[in-house]
>>> print(open('query.cif').read())   # mmCIF, N, CA and C atoms
data_coords
loop_
_atom_site.label_atom_id
_atom_site.label_comp_id
_atom_site.auth_asym_id
_atom_site.auth_seq_id
_atom_site.Cartn_x
_atom_site.Cartn_y
_atom_site.Cartn_z
N MET N 494 -114.58 -231.67 146.01
CA MET N 494 -113.44 -232.53 145.78
C MET N 494 -113.38 -233.57 146.90
N ASP N 495 -113.26 -234.81 146.50
CA ASP N 495 -113.17 -235.92 147.44
C ASP N 495 -111.83 -235.87 148.18
N ILE N 496 -111.79 -236.38 149.40
CA ILE N 496 -110.57 -236.33 150.21
C ILE N 496 -109.45 -237.17 149.60
N GLU N 497 -109.82 -238.30 148.97
CA GLU N 497 -108.79 -239.15 148.34
C GLU N 497 -108.16 -238.45 147.15
N VAL N 498 -108.95 -237.72 146.41
CA VAL N 498 -108.42 -236.96 145.27
C VAL N 498 -107.48 -235.87 145.77
N ALA N 499 -107.86 -235.21 146.86
CA ALA N 499 -107.01 -234.16 147.43
C ALA N 499 -105.69 -234.73 147.95
N LYS N 500 -105.75 -235.91 148.57
CA LYS N 500 -104.53 -236.54 149.06
C LYS N 500 -103.61 -236.95 147.92
N THR N 501 -104.19 -237.49 146.85
CA THR N 501 -103.38 -237.89 145.70
C THR N 501 -102.76 -236.67 145.04
N LEU N 502 -103.53 -235.61 144.90
CA LEU N 502 -103.00 -234.39 144.31
C LEU N 502 -101.91 -233.77 145.19
N GLY N 503 -102.12 -233.80 146.50
CA GLY N 503 -101.10 -233.30 147.43
C GLY N 503 -99.82 -234.10 147.37
N MET N 504 -99.94 -235.42 147.24
CA MET N 504 -98.76 -236.26 147.12
C MET N 504 -98.01 -235.95 145.83
N ALA N 505 -98.76 -235.81 144.74
CA ALA N 505 -98.12 -235.54 143.45
C ALA N 505 -97.39 -234.21 143.47
N ILE N 506 -97.98 -233.20 144.07
CA ILE N 506 -97.34 -231.89 144.13
C ILE N 506 -96.11 -231.93 145.03
N ALA N 507 -96.24 -232.57 146.20
CA ALA N 507 -95.12 -232.62 147.14
C ALA N 507 -93.93 -233.38 146.56
N VAL N 508 -94.19 -234.51 145.94
CA VAL N 508 -93.10 -235.30 145.38
C VAL N 508 -92.53 -234.62 144.14
N GLY N 509 -93.41 -234.08 143.30
CA GLY N 509 -92.94 -233.42 142.09
C GLY N 509 -92.04 -232.24 142.38
N LEU N 510 -92.46 -231.39 143.30
CA LEU N 510 -91.63 -230.23 143.65
C LEU N 510 -90.42 -230.64 144.48
N GLY N 511 -90.55 -231.72 145.23
CA GLY N 511 -89.45 -232.17 146.08
C GLY N 511 -88.31 -232.82 145.33
N VAL N 512 -88.55 -233.32 144.14
CA VAL N 512 -87.48 -233.96 143.38
C VAL N 512 -86.88 -233.05 142.32
N ILE N 513 -87.46 -231.90 142.10
CA ILE N 513 -86.88 -230.98 141.11
C ILE N 513 -85.51 -230.49 141.57
N GLY N 514 -85.41 -230.05 142.81
CA GLY N 514 -84.14 -229.53 143.34
C GLY N 514 -83.02 -230.56 143.33
N PRO N 515 -83.25 -231.75 143.90
CA PRO N 515 -82.19 -232.76 143.85
C PRO N 515 -81.84 -233.20 142.43
N GLY N 516 -82.80 -233.21 141.53
CA GLY N 516 -82.50 -233.57 140.14
C GLY N 516 -81.58 -232.57 139.48
N ILE N 517 -81.86 -231.29 139.68
CA ILE N 517 -80.98 -230.25 139.15
C ILE N 517 -79.62 -230.32 139.83
N GLY N 518 -79.62 -230.53 141.13
CA GLY N 518 -78.37 -230.62 141.88
C GLY N 518 -77.50 -231.77 141.43
N LEU N 519 -78.10 -232.92 141.15
CA LEU N 519 -77.33 -234.07 140.67
C LEU N 519 -76.71 -233.78 139.31
N GLY N 520 -77.47 -233.13 138.45
CA GLY N 520 -76.93 -232.79 137.14
C GLY N 520 -75.73 -231.87 137.24
N ILE N 521 -75.83 -230.85 138.08
CA ILE N 521 -74.72 -229.92 138.28
C ILE N 521 -73.53 -230.64 138.92
N LEU N 522 -73.80 -231.47 139.91
CA LEU N 522 -72.74 -232.18 140.62
C LEU N 522 -71.93 -233.08 139.70
N VAL N 523 -72.61 -233.88 138.91
CA VAL N 523 -71.90 -234.81 138.02
C VAL N 523 -71.18 -234.03 136.91
N GLY N 524 -71.82 -232.98 136.41
CA GLY N 524 -71.17 -232.17 135.38
C GLY N 524 -69.88 -231.53 135.86
N LYS N 525 -69.93 -230.98 137.06
CA LYS N 525 -68.72 -230.35 137.61
C LYS N 525 -67.65 -231.39 137.94
N ALA N 526 -68.06 -232.57 138.39
CA ALA N 526 -67.08 -233.62 138.67
C ALA N 526 -66.39 -234.07 137.39
N LEU N 527 -67.15 -234.22 136.32
CA LEU N 527 -66.53 -234.60 135.04
C LEU N 527 -65.62 -233.50 134.52
N GLU N 528 -66.01 -232.27 134.74
CA GLU N 528 -65.15 -231.15 134.34
C GLU N 528 -63.85 -231.16 135.14
N ALA N 529 -63.93 -231.45 136.43
CA ALA N 529 -62.73 -231.49 137.27
C ALA N 529 -61.83 -232.65 136.88
N ILE N 530 -62.42 -233.79 136.54
CA ILE N 530 -61.61 -234.93 136.10
C ILE N 530 -60.94 -234.62 134.77
N GLY N 531 -61.64 -233.91 133.91
CA GLY N 531 -61.04 -233.52 132.63
C GLY N 531 -59.86 -232.58 132.81
N ARG N 532 -59.93 -231.73 133.83
CA ARG N 532 -58.83 -230.79 134.06
C ARG N 532 -57.65 -231.45 134.78
N ASN N 533 -57.95 -232.40 135.66
CA ASN N 533 -56.89 -233.04 136.44
C ASN N 533 -57.17 -234.55 136.52
N PRO N 534 -56.79 -235.31 135.50
CA PRO N 534 -57.09 -236.74 135.48
C PRO N 534 -56.42 -237.53 136.60
N ASP N 535 -55.33 -237.02 137.16
CA ASP N 535 -54.65 -237.74 138.24
C ASP N 535 -55.49 -237.80 139.51
N ALA N 536 -56.39 -236.85 139.69
CA ALA N 536 -57.22 -236.80 140.90
C ALA N 536 -58.57 -237.46 140.69
N ALA N 537 -58.71 -238.29 139.67
CA ALA N 537 -60.01 -238.88 139.33
C ALA N 537 -60.58 -239.73 140.47
N GLY N 538 -59.74 -240.49 141.15
CA GLY N 538 -60.22 -241.34 142.24
C GLY N 538 -60.80 -240.54 143.39
N GLN N 539 -60.11 -239.49 143.79
CA GLN N 539 -60.59 -238.67 144.89
C GLN N 539 -61.84 -237.89 144.50
N ILE N 540 -61.88 -237.39 143.28
CA ILE N 540 -63.05 -236.64 142.82
C ILE N 540 -64.26 -237.57 142.72
N THR N 541 -64.05 -238.79 142.23
CA THR N 541 -65.14 -239.73 142.08
C THR N 541 -65.72 -240.13 143.43
N SER N 542 -64.87 -240.40 144.41
CA SER N 542 -65.38 -240.79 145.72
C SER N 542 -66.14 -239.64 146.38
N THR N 543 -65.63 -238.43 146.24
CA THR N 543 -66.34 -237.27 146.78
C THR N 543 -67.66 -237.06 146.05
N MET N 544 -67.68 -237.30 144.74
CA MET N 544 -68.90 -237.15 143.96
C MET N 544 -69.96 -238.15 144.45
N PHE N 545 -69.56 -239.38 144.73
CA PHE N 545 -70.54 -240.37 145.18
C PHE N 545 -71.11 -240.01 146.55
N ILE N 546 -70.32 -239.42 147.42
CA ILE N 546 -70.83 -238.96 148.71
C ILE N 546 -71.87 -237.84 148.49
N GLY N 547 -71.55 -236.93 147.58
CA GLY N 547 -72.50 -235.86 147.26
C GLY N 547 -73.77 -236.38 146.64
N ILE N 548 -73.65 -237.40 145.79
CA ILE N 548 -74.84 -238.00 145.18
C ILE N 548 -75.72 -238.64 146.24
N ALA N 549 -75.11 -239.33 147.21
CA ALA N 549 -75.89 -239.98 148.28
C ALA N 549 -76.64 -238.95 149.11
N VAL N 550 -75.98 -237.84 149.44
CA VAL N 550 -76.62 -236.81 150.25
C VAL N 550 -77.75 -236.15 149.46
N THR N 551 -77.52 -235.88 148.19
CA THR N 551 -78.54 -235.24 147.37
C THR N 551 -79.72 -236.18 147.14
N ASP N 552 -79.45 -237.46 146.95
CA ASP N 552 -80.53 -238.43 146.78
C ASP N 552 -81.37 -238.56 148.04
N ALA N 553 -80.76 -238.36 149.19
CA ALA N 553 -81.52 -238.43 150.45
C ALA N 553 -82.63 -237.39 150.47
N LEU N 554 -82.38 -236.22 149.89
CA LEU N 554 -83.41 -235.18 149.85
C LEU N 554 -84.60 -235.62 149.00
N ALA N 555 -84.34 -236.27 147.89
CA ALA N 555 -85.42 -236.77 147.04
C ALA N 555 -86.20 -237.87 147.76
N ILE N 556 -85.50 -238.71 148.50
CA ILE N 556 -86.17 -239.78 149.24
C ILE N 556 -87.04 -239.18 150.35
N PHE N 557 -86.56 -238.12 151.00
CA PHE N 557 -87.38 -237.44 152.01
C PHE N 557 -88.65 -236.90 151.40
N ALA N 558 -88.56 -236.31 150.21
CA ALA N 558 -89.75 -235.79 149.54
C ALA N 558 -90.73 -236.91 149.23
N LEU N 559 -90.21 -238.07 148.81
CA LEU N 559 -91.07 -239.22 148.54
C LEU N 559 -91.76 -239.72 149.80
N VAL N 560 -91.03 -239.76 150.90
CA VAL N 560 -91.61 -240.19 152.18
C VAL N 560 -92.70 -239.23 152.62
N ILE N 561 -92.46 -237.94 152.49
CA ILE N 561 -93.47 -236.95 152.85
C ILE N 561 -94.72 -237.13 151.97
N GLY N 562 -94.49 -237.41 150.68
CA GLY N 562 -95.61 -237.67 149.79
C GLY N 562 -96.44 -238.87 150.24
N PHE N 563 -95.77 -239.94 150.64
CA PHE N 563 -96.50 -241.10 151.13
C PHE N 563 -97.22 -240.82 152.43
N ILE N 564 -96.64 -240.00 153.28
CA ILE N 564 -97.31 -239.63 154.53
C ILE N 564 -98.57 -238.85 154.22
N ILE N 565 -98.49 -237.94 153.26
CA ILE N 565 -99.67 -237.17 152.87
C ILE N 565 -100.74 -238.09 152.29
N LYS N 566 -100.34 -239.04 151.47
CA LYS N 566 -101.30 -239.91 150.78
C LYS N 566 -101.99 -240.89 151.73
N PHE N 567 -101.25 -241.48 152.66
CA PHE N 567 -101.80 -242.59 153.43
C PHE N 567 -102.13 -242.24 154.88
N THR N 568 -102.23 -240.96 155.20
CA THR N 568 -102.69 -240.62 156.56
C THR N 568 -103.98 -239.87 156.50
#
>>> encode(input="query.cif", output="structure tokens")
Amino acid sequence: MDIEVAKTLGMAIAVGLGVIGPGIGLGILVGKALEAIGRNPDAAGQITSTMFIGIAVTDALAIFALVIGFIIKFT
């Protein structure tokens, strides 16, 4: 196996596995936020702002996985 093929395969595995968790987490996060808004519509503003903070933190994990993938590929 050529080294470039191994690097590409390593990047694909690292990024693929690294985004599964945040993807599932985002789905659960948004689903629970919509459920909470449905139960208490008066708190929609506070729930939405907290949801966006959670989305930003969860997205950071996916971006870290992408960065690690690029480090594997180009070093």
>>> atom_distance(input="query.cif", atom1="atom CA of N:Arg532", atom2="atom C of N:Leu519")
18.9 Å
>>> atom_distance(input="query.cif", atom1="atom N of N:Pro515", atom2="atom CA of N:Ala555")
6.3 Å
>>> residues_around(input="query.cif", residues="stretch 541-549 of chain N", least_positions_apart="2", cutoff="8 Å", atoms="all atoms listed in the file", output="PyMOL selection string")
chain N and resi 518-519+522-523+526+530+536-539+551-554
>>> resolve_selection(input="query.cif", expression="the PyMOL selection byres ((chain N and resi 511) around 8)", output="list of chain:residue names")
N:Ala505, N:Ile506, N:Ala507, N:Val508, N:Gly509, N:Leu510, N:Val512, N:Ile513, N:Gly514, N:Pro515, N:Gly516, N:Leu554, N:Ala555, N:Ile556, N:Phe557, N:Ala558, N:Leu559
>>> closest_residue(input="query.cif", among="N:Gly531, N:Val550, N:Lys566, N:Val560", to="N:Val498", atoms="only C-alpha atoms")
N:Lys566
>>> atom_distance(input="query.cif", atom1="atom C of N:Phe563", atom2="atom CA of N:Ile521")
28.7 Å
>>> axis_aligned_box(input="query.cif", around="stretch 494-505 of chain N", padding_each_side="3 Å", output="AutoDock Vina command-line options")
--center_x -106.0 --center_y -235.4 --center_z 146.8 --size_x 23.2 --size_y 13.5 --size_z 12.8
>>> closest_residue(input="query.cif", among="N:Gly562, N:Ala529, N:Gly520, N:Phe567", to="N:Gly503", atoms="all atoms listed in the file")
N:Gly562
